[in-house]
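Text of coords26.cif, listed as mmCIF, C-alpha atoms:
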data_coords
#
loop_
_atom_site.label_atom_id
_atom_site.label_comp_id
_atom_site.auth_asym_id
_atom_site.auth_seq_id
_atom_site.Cartn_x
_atom_site.Cartn_y
_atom_site.Cartn_z
CA MET Z 199 127.77 115.86 90.94
CA VAL Z 200 129.57 114.71 94.06
CA LEU Z 201 126.30 113.37 95.42
CA VAL Z 202 125.70 111.47 92.16
CA VAL Z 203 129.16 109.89 92.34
CA VAL Z 204 128.67 108.91 95.96
CA PHE Z 205 125.27 107.42 95.16
CA GLY Z 206 126.72 105.44 92.24
CA VAL Z 207 129.53 104.04 94.38
CA ALA Z 208 127.11 103.12 97.18
CA LEU Z 209 124.78 101.48 94.66
CA LEU Z 210 127.63 99.40 93.20
CA ILE Z 211 128.75 98.28 96.66
CA ALA Z 212 125.15 97.49 97.63
CA VAL Z 213 124.69 95.26 94.57
CA LEU Z 214 128.00 93.49 95.13
CA LEU Z 215 127.18 92.85 98.78
CA SER Z 216 123.50 92.04 98.29
CA GLY Z 217 124.09 88.29 98.31
CA LEU Z 218 125.98 88.52 101.59
CA ALA Z 219 123.31 90.84 103.01
CA ALA Z 220 120.65 88.29 102.18
CA ARG Z 221 122.30 85.73 104.46
CA THR Z 222 123.57 87.92 107.30
CA VAL Z 223 122.68 90.93 109.43
CA LEU Z 224 124.44 93.20 106.91
CA SER Z 225 121.93 95.76 105.63
CA THR Z 226 122.26 97.55 102.32
CA SER Z 227 119.72 100.10 103.55
CA PHE Z 228 122.10 100.97 106.36
CA LEU Z 229 124.90 101.27 103.79
CA PHE Z 230 123.12 104.17 102.07
CA LEU Z 231 122.19 105.76 105.36
CA ALA Z 232 125.78 105.58 106.60
CA GLY Z 233 127.12 106.68 103.22
CA GLY Z 234 125.04 109.84 103.27
CA ALA Z 235 126.15 110.61 106.82
CA LEU Z 236 129.82 110.00 105.96
CA VAL Z 237 130.00 112.45 103.06
CA SER Z 238 127.91 115.16 104.74
CA ASP Z 239 129.08 118.23 106.66
CA GLY Z 240 129.21 116.19 109.86
CA PHE Z 241 132.17 114.11 108.62
CA LEU Z 242 133.94 114.46 105.25
CA GLY Z 243 132.06 117.57 104.14
CA LEU Z 244 131.83 116.49 100.48
CA ILE Z 245 128.18 117.48 100.18
CA HIS Z 246 126.21 120.21 101.90
CA ILE Z 247 122.59 119.33 102.62
CA THR Z 248 120.33 120.96 105.19
CA PRO Z 249 116.75 120.05 106.16
CA ASP Z 250 115.40 122.94 104.11
CA SER Z 251 117.34 121.94 100.96
CA GLU Z 252 115.01 121.26 98.06
CA ILE Z 253 116.70 117.95 97.29
CA VAL Z 254 115.62 116.61 100.68
CA SER Z 255 111.89 117.18 100.24
CA VAL Z 256 111.88 116.26 96.53
CA THR Z 257 113.80 113.00 97.01
CA ALA Z 258 111.71 111.90 99.99
CA ASP Z 259 108.51 112.84 98.15
CA LEU Z 260 109.41 110.84 95.04
CA ALA Z 261 110.56 107.85 97.06
CA LEU Z 262 107.40 107.69 99.11
CA PHE Z 263 105.24 108.05 95.99
CA ALA Z 264 107.12 105.23 94.24
CA VAL Z 265 106.97 102.97 97.28
CA LEU Z 266 103.24 103.47 97.79
CA PHE Z 267 102.51 102.96 94.08
CA THR Z 268 104.28 99.59 94.06
CA ASP Z 269 102.84 98.69 97.47
CA GLY Z 270 99.35 99.34 96.17
CA MET Z 271 99.98 96.90 93.33
CA HIS Z 272 100.52 94.16 95.90
CA VAL Z 273 97.03 94.58 97.32
CA SER Z 274 94.64 91.80 96.43
CA PHE Z 275 91.05 92.89 97.06
CA SER Z 276 89.79 89.31 96.96
CA LYS Z 277 92.28 88.19 99.59
CA LEU Z 278 91.70 91.35 101.59
CA ARG Z 279 87.93 90.74 101.67
CA ALA Z 280 88.57 87.23 102.92
CA ASN Z 281 91.22 88.22 105.48
CA TRP Z 282 90.46 91.78 106.56
CA ARG Z 283 90.13 91.26 110.30
CA ASN Z 284 93.81 91.11 111.25
CA PRO Z 285 94.87 94.23 109.29
CA ALA Z 286 91.77 96.00 110.61
CA ARG Z 287 92.85 95.20 114.17
CA ALA Z 288 96.38 96.51 113.52
CA LEU Z 289 95.08 99.71 111.93
CA GLY Z 290 92.03 100.30 114.10
CA LEU Z 291 93.52 99.43 117.47
CA GLY Z 292 97.29 98.94 117.21
CA MET Z 293 98.02 102.15 115.33
CA PRO Z 294 96.01 104.45 117.68
CA LEU Z 295 97.65 102.78 120.70
CA ALA Z 296 101.11 103.37 119.24
CA PHE Z 297 100.16 106.94 118.37
CA ALA Z 298 98.96 107.69 121.91
CA GLY Z 299 101.83 105.82 123.57
CA MET Z 300 104.43 107.76 121.60
CA ALA Z 301 102.71 111.03 122.47
CA LEU Z 302 102.81 110.20 126.19
CA ILE Z 303 106.51 109.35 126.33
CA THR Z 304 107.36 112.35 124.12
CA HIS Z 305 105.54 114.72 126.46
CA TYR Z 306 106.90 113.35 129.72
CA LEU Z 307 110.43 112.38 128.63
CA VAL Z 308 111.24 115.07 126.06
CA GLY Z 309 109.11 117.89 127.45
CA LEU Z 310 107.27 118.87 124.27
CA ASP Z 311 103.79 120.34 124.64
CA TRP Z 312 100.82 118.01 124.18
CA THR Z 313 99.97 119.11 120.63
CA THR Z 314 103.54 118.67 119.40
CA SER Z 315 103.84 115.38 121.30
CA PHE Z 316 100.77 114.00 119.55
CA LEU Z 317 102.22 115.30 116.28
CA VAL Z 318 105.40 113.26 116.89
CA GLY Z 319 103.20 110.25 117.64
CA ALA Z 320 101.32 110.69 114.37
CA VAL Z 321 104.54 111.06 112.35
CA LEU Z 322 106.06 107.90 113.84
CA ALA Z 323 102.87 105.81 113.70
CA PRO Z 324 103.26 104.63 110.06
CA THR Z 325 105.39 101.54 109.50
CA ASP Z 326 107.54 100.57 106.54
CA PRO Z 327 108.38 96.85 106.18
CA VAL Z 328 110.68 97.63 103.24
CA PHE Z 329 113.34 97.57 105.95
CA ALA Z 330 112.21 94.06 106.86
CA SER Z 331 111.94 92.68 103.36
CA ALA Z 332 113.14 89.19 104.29
CA ILE Z 333 109.92 88.91 106.28
CA VAL Z 334 107.32 90.44 103.98
CA GLY Z 335 108.92 89.31 100.73
CA ARG Z 336 109.23 85.59 101.37
CA LYS Z 337 106.58 83.00 100.53
CA GLU Z 338 107.99 80.69 103.19
CA VAL Z 339 106.87 83.15 105.86
CA PRO Z 340 103.17 82.54 106.74
CA ALA Z 341 100.95 84.38 104.27
CA LYS Z 342 98.71 85.86 106.96
CA LEU Z 343 101.76 87.42 108.65
CA ARG Z 344 103.07 88.88 105.39
CA GLN Z 345 99.63 90.18 104.51
CA LEU Z 346 99.20 91.78 107.93
CA LEU Z 347 102.48 93.71 107.69
CA ASN Z 348 102.02 94.64 104.02
CA VAL Z 349 98.45 95.89 104.34
CA GLU Z 350 99.19 97.70 107.59
CA SER Z 351 102.21 99.53 106.16
CA GLY Z 352 100.47 100.32 102.90
CA ILE Z 353 97.40 101.89 104.48
CA ASN Z 354 98.73 103.51 107.66
CA ASP Z 355 100.71 106.11 105.69
CA GLY Z 356 97.49 107.53 104.28
CA LEU Z 357 95.68 107.26 107.60
CA ALA Z 358 98.42 109.18 109.42
CA LEU Z 359 98.71 112.00 106.90
CA PRO Z 360 95.49 113.93 107.69
CA VAL Z 361 96.24 113.63 111.40
CA VAL Z 362 99.74 115.04 110.83
CA LEU Z 363 98.38 117.96 108.81
CA ILE Z 364 95.67 118.75 111.35
CA LEU Z 365 98.13 118.67 114.26
CA ILE Z 366 100.59 120.89 112.37
CA ALA Z 367 97.77 123.38 111.94
CA ALA Z 368 96.85 123.08 115.62
CA ALA Z 369 100.47 123.58 116.69
CA GLY Z 370 100.50 127.03 115.12
CA LEU Z 371 101.35 126.80 111.47
CA THR Z 372 103.31 129.83 110.23
CA SER Z 373 104.78 128.51 106.98
CA GLY Z 374 105.38 125.33 105.01
CA HIS Z 375 103.56 122.94 102.73
CA ALA Z 376 100.54 121.99 104.85
CA GLU Z 377 97.35 124.02 104.82
CA ALA Z 378 95.83 125.34 108.02
CA ASP Z 379 92.35 125.19 106.57
CA LEU Z 380 90.96 121.75 107.46
CA GLY Z 381 88.56 121.99 104.54
CA LYS Z 382 91.48 122.25 102.15
CA ILE Z 383 93.19 119.30 103.81
CA ALA Z 384 90.07 117.20 103.31
CA LEU Z 385 89.81 118.35 99.69
CA GLU Z 386 93.41 117.37 99.03
CA LEU Z 387 92.79 113.88 100.38
CA VAL Z 388 89.58 113.42 98.40
CA LEU Z 389 91.23 114.66 95.20
CA GLY Z 390 94.12 112.28 95.72
CA LEU Z 391 91.76 109.34 96.13
CA VAL Z 392 89.71 110.37 93.06
CA PHE Z 393 92.79 110.78 90.86
CA GLY Z 394 94.21 107.49 92.08
CA VAL Z 395 91.04 105.60 91.22
CA VAL Z 396 89.91 107.33 88.03
CA LEU Z 397 93.20 107.66 86.09
CA PRO Z 398 94.23 103.97 86.03
CA PHE Z 399 90.62 102.92 85.49
CA VAL Z 400 90.31 105.13 82.39
CA VAL Z 401 93.71 104.09 81.01
CA ILE Z 402 92.99 100.37 81.35
CA GLU Z 403 89.63 100.85 79.63
CA LEU Z 404 91.41 102.66 76.77
CA VAL Z 405 93.84 99.79 76.38
CA ARG Z 406 90.92 97.43 75.86
CA PHE Z 407 89.82 99.26 72.69
CA ARG Z 408 90.48 97.11 69.66
CA LEU Z 409 92.68 99.69 67.91
CA LEU Z 410 94.76 100.46 71.01
CA GLY Z 411 97.21 98.48 73.08
CA ALA Z 412 100.93 98.28 73.76
CA GLU Z 413 103.36 95.92 72.13
CA PRO Z 414 105.01 93.52 74.62
CA LYS Z 415 108.30 95.37 75.11
CA LEU Z 416 106.47 98.63 75.86
CA GLN Z 417 103.83 97.17 78.18
CA PRO Z 418 105.87 97.88 81.36
CA LEU Z 419 105.80 101.58 80.46
CA LEU Z 420 102.00 101.80 80.69
CA PRO Z 421 101.84 101.79 84.53
CA LEU Z 422 104.92 104.01 84.57
CA ALA Z 423 103.10 106.57 82.41
CA ILE Z 424 100.13 106.41 84.78
CA GLY Z 425 102.43 107.04 87.73
CA VAL Z 426 104.19 109.99 86.08
CA ILE Z 427 100.92 111.66 85.06
CA LEU Z 428 99.43 111.02 88.49
CA TYR Z 429 102.41 112.49 90.34
CA ALA Z 430 102.38 115.63 88.19
CA ALA Z 431 98.59 116.04 88.37
CA CYS Z 432 98.62 115.78 92.16
CA HIS Z 433 101.29 118.41 92.56
CA LEU Z 434 99.64 120.75 90.06
CA THR Z 435 96.27 120.51 91.83
CA HIS Z 436 97.59 120.06 95.41
CA ALA Z 437 95.86 116.68 95.61
CA ASN Z 438 97.45 114.27 98.06
CA PRO Z 439 100.00 112.28 96.00
CA TYR Z 440 100.51 109.49 98.54
CA LEU Z 441 96.90 108.46 98.82
CA ALA Z 442 96.69 108.74 95.02
CA ALA Z 443 99.75 106.53 94.53
CA PHE Z 444 98.56 103.70 96.75
CA SER Z 445 95.00 103.71 95.41
CA ALA Z 446 96.25 103.84 91.80
CA GLY Z 447 98.48 100.82 92.33
CA ALA Z 448 95.61 98.87 93.88
CA VAL Z 449 93.15 99.81 91.12
CA LEU Z 450 95.69 98.97 88.42
CA THR Z 451 96.15 95.47 89.83
CA ALA Z 452 92.41 94.96 90.23
CA ARG Z 453 91.65 96.05 86.66
CA SER Z 454 94.60 94.50 84.82
CA LEU Z 455 96.72 91.75 86.33
CA GLU Z 456 98.67 91.65 83.06
CA ALA Z 457 99.72 95.29 83.44
CA LYS Z 458 100.77 94.68 87.03
CA GLU Z 459 102.88 91.63 86.15
CA SER Z 460 104.58 93.34 83.20
CA PHE Z 461 105.45 96.41 85.27
CA GLU Z 462 106.47 94.66 88.48
CA PRO Z 463 110.20 94.10 87.72
CA LEU Z 464 110.66 97.65 86.43
CA GLY Z 465 108.53 99.17 89.18
CA GLU Z 466 110.34 97.37 91.98
CA ALA Z 467 113.71 98.46 90.56
CA LEU Z 468 112.64 102.10 90.24
CA ALA Z 469 111.16 102.10 93.74
CA GLU Z 470 114.36 100.56 95.06
CA LEU Z 471 116.49 103.29 93.45
CA ALA Z 472 114.22 106.01 94.82
CA LYS Z 473 114.40 104.49 98.30
CA PHE Z 474 118.18 104.27 98.21
CA ALA Z 475 118.44 107.91 97.06
CA ALA Z 476 116.12 109.06 99.82
CA LEU Z 477 118.07 107.09 102.40
CA MET Z 478 121.34 108.66 101.32
CA VAL Z 479 119.91 112.20 101.41
CA PHE Z 480 118.31 111.54 104.77
CA GLY Z 481 121.61 110.11 106.03
CA ALA Z 482 123.30 113.40 105.11
CA LEU Z 483 121.06 115.11 107.67
CA LEU Z 484 122.23 112.78 110.45
CA THR Z 485 125.14 114.88 111.64
CA PRO Z 486 126.83 114.58 115.06
CA GLN Z 487 125.24 117.92 115.94
CA LEU Z 488 121.75 116.50 115.35
CA PHE Z 489 122.43 113.53 117.63
CA GLY Z 490 123.99 115.87 120.18
CA ASP Z 491 120.90 118.07 120.20
CA LEU Z 492 118.71 115.22 121.47
CA SER Z 493 118.42 115.03 125.25
CA LEU Z 494 118.88 111.91 127.34
CA GLY Z 495 115.11 111.74 127.72
CA GLY Z 496 114.85 111.85 123.95
CA TYR Z 497 117.10 108.81 123.57
CA VAL Z 498 115.05 106.94 126.16
CA ALA Z 499 111.92 107.85 124.19
CA VAL Z 500 113.51 106.55 120.97
CA VAL Z 501 114.39 103.21 122.57
CA LEU Z 502 110.93 102.86 124.11
CA ALA Z 503 109.30 103.70 120.77
CA ILE Z 504 111.10 100.79 119.10
CA VAL Z 505 111.18 98.10 121.80
CA LEU Z 506 108.01 98.87 123.77
CA ILE Z 507 105.41 101.15 122.16
CA ARG Z 508 105.08 99.42 118.78
CA PRO Z 509 105.41 95.83 120.09
CA ALA Z 510 102.97 96.33 122.97
CA SER Z 511 100.37 98.12 120.85
CA LEU Z 512 100.33 95.46 118.13
CA LEU Z 513 100.37 92.56 120.60
CA LEU Z 514 97.31 94.03 122.28
CA SER Z 515 95.57 94.43 118.94
CA LEU Z 516 96.23 90.77 118.05
CA VAL Z 517 94.79 89.32 121.27
CA GLY Z 518 92.26 86.65 120.33
CA THR Z 519 93.54 86.14 116.77
CA ARG Z 520 94.77 82.86 115.30
CA PHE Z 521 98.38 83.96 115.10
CA ASP Z 522 100.66 81.73 117.16
CA ARG Z 523 103.04 83.23 119.70
CA ARG Z 524 106.01 83.39 117.32
CA GLU Z 525 104.00 85.09 114.59
CA LYS Z 526 102.64 87.67 117.03
CA LEU Z 527 106.12 88.50 118.30
CA VAL Z 528 107.50 88.87 114.78
CA ALA Z 529 104.61 91.09 113.70
CA ALA Z 530 104.99 93.19 116.85
CA TRP Z 531 108.72 93.69 116.36
CA PHE Z 532 108.62 94.65 112.69
CA GLY Z 533 107.19 98.14 112.86
CA PRO Z 534 110.07 100.07 111.29
CA LYS Z 535 109.81 103.80 110.69
CA GLY Z 536 110.45 104.64 107.05
CA PHE Z 537 109.79 107.03 104.19
CA ALA Z 538 106.39 108.23 105.31
CA SER Z 539 107.86 109.28 108.66
CA VAL Z 540 110.77 110.99 106.87
CA VAL Z 541 108.43 113.02 104.66
CA TYR Z 542 106.03 113.86 107.50
CA GLY Z 543 108.96 114.81 109.72
CA LEU Z 544 110.18 117.23 107.06
CA LEU Z 545 106.69 118.74 106.92
CA VAL Z 546 106.92 119.35 110.65
CA LEU Z 547 110.33 120.99 110.32
CA GLN Z 548 109.34 123.16 107.37
CA ALA Z 549 106.06 124.25 108.97
CA GLY Z 550 107.80 126.62 111.38
CA ILE Z 551 105.85 125.54 114.46
CA PRO Z 552 107.29 126.60 117.85
CA GLN Z 553 108.85 123.24 118.80
CA GLY Z 554 109.29 121.97 115.26
CA GLU Z 555 113.09 121.61 115.38
CA GLU Z 556 113.01 119.62 118.61
CA ALA Z 557 110.29 117.39 117.20
CA PHE Z 558 112.23 116.79 113.98
CA THR Z 559 115.40 115.89 115.91
CA LEU Z 560 113.50 113.25 117.88
CA ILE Z 561 111.80 111.94 114.73
CA ALA Z 562 115.05 111.76 112.73
CA VAL Z 563 116.97 109.91 115.43
CA CYS Z 564 114.08 107.47 115.93
CA ILE Z 565 113.94 106.72 112.19
CA ALA Z 566 117.72 106.17 112.05
CA PHE Z 567 117.69 103.80 115.03
CA SER Z 568 114.67 101.97 113.62
CA ILE Z 569 116.28 101.43 110.22
CA ILE Z 570 119.39 100.00 111.86
CA ALA Z 571 117.47 97.77 114.28
CA HIS Z 572 114.89 96.37 111.89
CA SER Z 573 116.89 96.02 108.69
CA SER Z 574 119.63 94.13 110.55
CA THR Z 575 117.28 91.64 112.22
CA ASP Z 576 114.95 90.60 109.42
CA VAL Z 577 117.13 87.81 108.00
CA PRO Z 578 117.93 86.14 111.36
CA ILE Z 579 114.26 86.22 112.33
CA ALA Z 580 113.13 85.06 108.88
CA ARG Z 581 115.31 81.97 109.33
CA MET Z 582 113.01 80.90 112.15
CA PHE Z 583 110.51 80.17 109.37
CA ASP Z 584 113.07 78.03 107.51
CA VAL Z 585 113.75 80.67 104.86
CA GLU Z 586 116.67 79.54 102.72
CA ASP Z 587 118.39 80.65 99.53
CA LEU Z 588 117.04 84.18 99.79
CA VAL Z 589 118.68 85.31 96.57
CA GLY Z 590 119.93 82.07 95.12
CA VAL Z 591 123.42 82.71 96.48
CA PRO Z 592 124.84 79.51 98.00
CA ASP Z 593 126.32 79.29 101.49
CA GLY Z 594 129.85 77.95 101.54
CA ASP Z 595 130.49 75.32 98.92
CA GLU Z 596 126.89 74.55 98.11
CA THR Z 597 125.90 74.25 94.50
CA PRO Z 598 124.06 77.36 93.31
CA ARG Z 599 120.33 76.94 92.91
CA PRO Z 600 117.83 79.24 91.19
CA ALA Z 601 116.42 81.96 93.37
CA LYS Z 602 112.85 81.43 94.48
CA GLU Z 603 112.12 85.15 94.40
CA ALA Z 604 113.71 88.50 93.75
CA GLY Z 605 116.71 89.36 95.92
CA ARG Z 606 116.90 91.39 99.09
CA VAL Z 607 118.94 94.31 97.77
CA GLY Z 608 116.81 96.81 99.65
CA ALA Z 609 116.70 94.92 102.91
#
Please rewrite the model in this file as structure tokens.
Amino acid sequence: MVLVVVFGVALLIAVLLSGLAARTVLSTSFLFLAGGALVSDGFLGLIHITPDSEIVSVTADLALFAVLFTDGMHVSFSKLRANWRNPARALGLGMPLAFAGMALITHYLVGLDWTTSFLVGAVLAPTDPVFASAIVGRKEVPAKLRQLLNVESGINDGLALPVVLILIAAAGLTSGHAEADLGKIALELVLGLVFGVVLPFVVIELVRFRLLGAEPKLQPLLPLAIGVILYAACHLTHANPYLAAFSAGAVLTARSLEAKESFEPLGEALAELAKFAALMVFGALLTPQLFGDLSLGGYVAVVLAIVLIRPASLLLSLVGTRFDRREKLVAAWFGPKGFASVVYGLLVLQAGIPQGEEAFTLIAVCIAFSIIAHSSTDVPIARMFDVEDLVGVPDGDETPRPAKEAGRVGA
């Protein structure tokens, strides 16, 4: 119950400070991360959480599922067909370059073997612009830039997963959640995609029967029911829940815009709560001992991963595009490591591979530094695009005006 109390207090503070966070470098995401670290064994000792605690894997798993489900609902197939080239460049060229670059610096600076180094690269390749929400959530920011970051982050989680599982198997899997049999890995991915496409398709078709349909106040619960059933079905059948979540959200939007719009406020709130909970639990793992276990070469690798590897790889992938210089630099900078990397890092730790603990330490520190760096710079950089009144909270003595969009509580 201590963890519940701490989460409630952090949530209250986050809501009260959300208006200030929307106008400054203050990050409510960092608040939950720091709150988890403060009450853990490393400081106050109010809660006792270790990497192998069930609450860690369950919370991260639920958060990533919720995030991908809501992310999938933001995918517009019509817009994607018309503007697929830029995301394709980021995913087809930028992501592999970042993957390989991270593997190189991990091997030479940290001293991990090549297989484990490539595994670290695969874990840290996915991006999560939820920690840069002032960029991807604002209509004032160029649409092509928002679409690039949203599509890239939504798809690269699923692209990285099979690579992570294969490399875990290659590194000498002895235990854990991943399967060494590559055939089973492929089956899990295919099942996840099938479930994610078929379930929402069937449900929306049922709703269109004359005798069926939800009354207005219950309509937001229809996508929620799909998500709950999908999550349970994936875990019962070992289908990949993350690929299922993203594809289900996309199919739901494509088949019923009404269902998407009715669920969006509830879905965003639930995803936000799941993200905050995962951040707090992950923060509890960030003890002084963990930071002390990382070598000097590891810290250099973390800095290079954030300020060099991601920016350089995406800039190279955007050569020849119609993005102007400012847009390219913003897109290159905002490659934060988020929930996918947390979950995949836990898979590495729980797999029992020879250098798994060293790899997890590097991954955890990199995620922590990335969250701090990216979630504290999104508002200042968004202001370059003349973003104002982010949550309808006035600056100084200005008269309050209605918010243009939802607030940046999770920024």
Do you know which residues the PyMOL selection byres ((chain Z and resi 467-481) around 6) returns on this file, as a CSV table (one decimal) with C-alpha atoms, in the frame of the given file?
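selection_5.csv was written with the following content:
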chain,number,residue,atom,x,y,z
Z,230,PHE,CA,123.1,104.2,102.1
Z,231,LEU,CA,122.2,105.8,105.4
Z,234,GLY,CA,125.0,109.8,103.3
Z,235,ALA,CA,126.2,110.6,106.8
Z,257,THR,CA,113.8,113.0,97.0
Z,258,ALA,CA,111.7,111.9,100.0
Z,261,ALA,CA,110.6,107.8,97.1
Z,264,ALA,CA,107.1,105.2,94.2
Z,265,VAL,CA,107.0,103.0,97.3
Z,464,LEU,CA,110.7,97.6,86.4
Z,465,GLY,CA,108.5,99.2,89.2
Z,466,GLU,CA,110.3,97.4,92.0
Z,482,ALA,CA,123.3,113.4,105.1
Z,483,LEU,CA,121.1,115.1,107.7
Z,484,LEU,CA,122.2,112.8,110.4
Exercise. Taking the file as shown, what set of residues would the PyMOL selection byres ((chain Z and resi 524) around 12) give back, as a PyMOL selection string?
Worked result: chain Z and resi 339-340+343+513+520-523+525-531+579-580+582-583
For this session: Write out as a count of residues only each polymer residue whose atoms come within 10 Å of stretch 310-317 of chain Z, counting all atoms listed in the file; drop sequence neighbours fewer than 6 positions from it.
Result: 29
Exercise. Care to translate the PyMOL selection byres ((chain Z and resi 440) around 9) into actual residues of this file, as a VMD selection string?
Worked result: chain Z and resid 259 262 to 264 266 to 267 355 to 356 359 390 429 438 to 439 441 to 445
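Atom CA of Z:Gly206 is positioned 24.7 Å from atom CA of Z:His572.
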Problem set entry | Selected residue of minimal separation from Z:Val563 among Z:Val500, Z:Ala320, Z:Val396, Z:Leu387, counting all atoms listed in the file |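 Nearest to Z:Val563: Z:Val500.
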For this session: Find the spatial neighbours of Z:Val200, counting all atoms listed in the file, within a cut-off of 10 Å - ignore same-chain residues fewer than 6 positions away - and output them as a list in words.
Result: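 After dropping sequence-adjacent residues, the list is Gly206, Val237, Leu244 and Ile245 of chain Z.
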Skip Z:Ser515 itself and residues of its chain fewer than 3 positions away, then list as an mmCIF file with C-alpha atoms, in the frame of the given file all residues within 7 Å of it, counting only C-alpha atoms.
data_model
loop_
_atom_site.group_PDB
_atom_site.id
_atom_site.type_symbol
_atom_site.label_atom_id
_atom_site.label_comp_id
_atom_site.auth_asym_id
_atom_site.auth_seq_id
_atom_site.Cartn_x
_atom_site.Cartn_y
_atom_site.Cartn_z
ATOM 1 C CA ARG Z 287 92.850 95.200 114.170
ATOM 2 C CA ALA Z 288 96.380 96.510 113.520
ATOM 3 C CA LEU Z 291 93.520 99.430 117.470
ATOM 4 C CA GLY Z 292 97.290 98.940 117.210
ATOM 5 C CA SER Z 511 100.370 98.120 120.850
ATOM 6 C CA LEU Z 512 100.330 95.460 118.130
#
Stretch 230-234 of chain Z, all listed atoms, 8 Å padding on each side: what axis-aligned box centre and edge lengths in Å to one decimal come out, as lines of an AutoDock Vina configuration file?
center_x = 124.7
center_y = 107.0
center_z = 104.3
size_x = 20.9
size_y = 21.7
size_z = 20.5
Problem set entry | Separation of atom CA of Z:Ile253 from atom CA of Z:Val204 in Å |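 Spanning atom CA of Z:Val204 to atom CA of Z:Ile253 is a straight-line distance of 15.1 Å.
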For this session: For atom CA of Z:Ser227 and atom CA of Z:Phe532, determine how far apart the two atoms are, in Å to one decimal place.
Result: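 Separation of atom CA of Z:Ser227 and atom CA of Z:Phe532: 15.4 Å.
Of the residues listed (Z:Leu434, Z:Leu229, Z:Val501, Z:Ala384), Z:Leu229 shows the shortest atom-to-atom separation from Z:Ser574; distances use only C-alpha atoms.
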For this session: Give as an NGL selection string each residue that has an atom at most 9 Å from (117.7, 99.2, 109.5) in the file, counting all atoms listed in the file.
Result: :Z and (225-228 or 231 or 329-330 or 534 or 565-575 or 609)
Exercise. Looking at only C-alpha atoms, which of Z:Ala296, Z:Leu428, Z:Leu347, Z:Leu488 is the one that sits closest to Z:Gly240?
Worked result: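 Nearest candidate to Z:Gly240 out of Z:Ala296, Z:Leu428, Z:Leu347, Z:Leu488: Z:Leu488.
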Seminar exercise, completed: Nearest to Z:Asp250, restricted to all atoms listed in the file and choosing among Z:Gly270, Z:Gly550, Z:Pro578, Z:Pro414, comes out as Z:Gly550
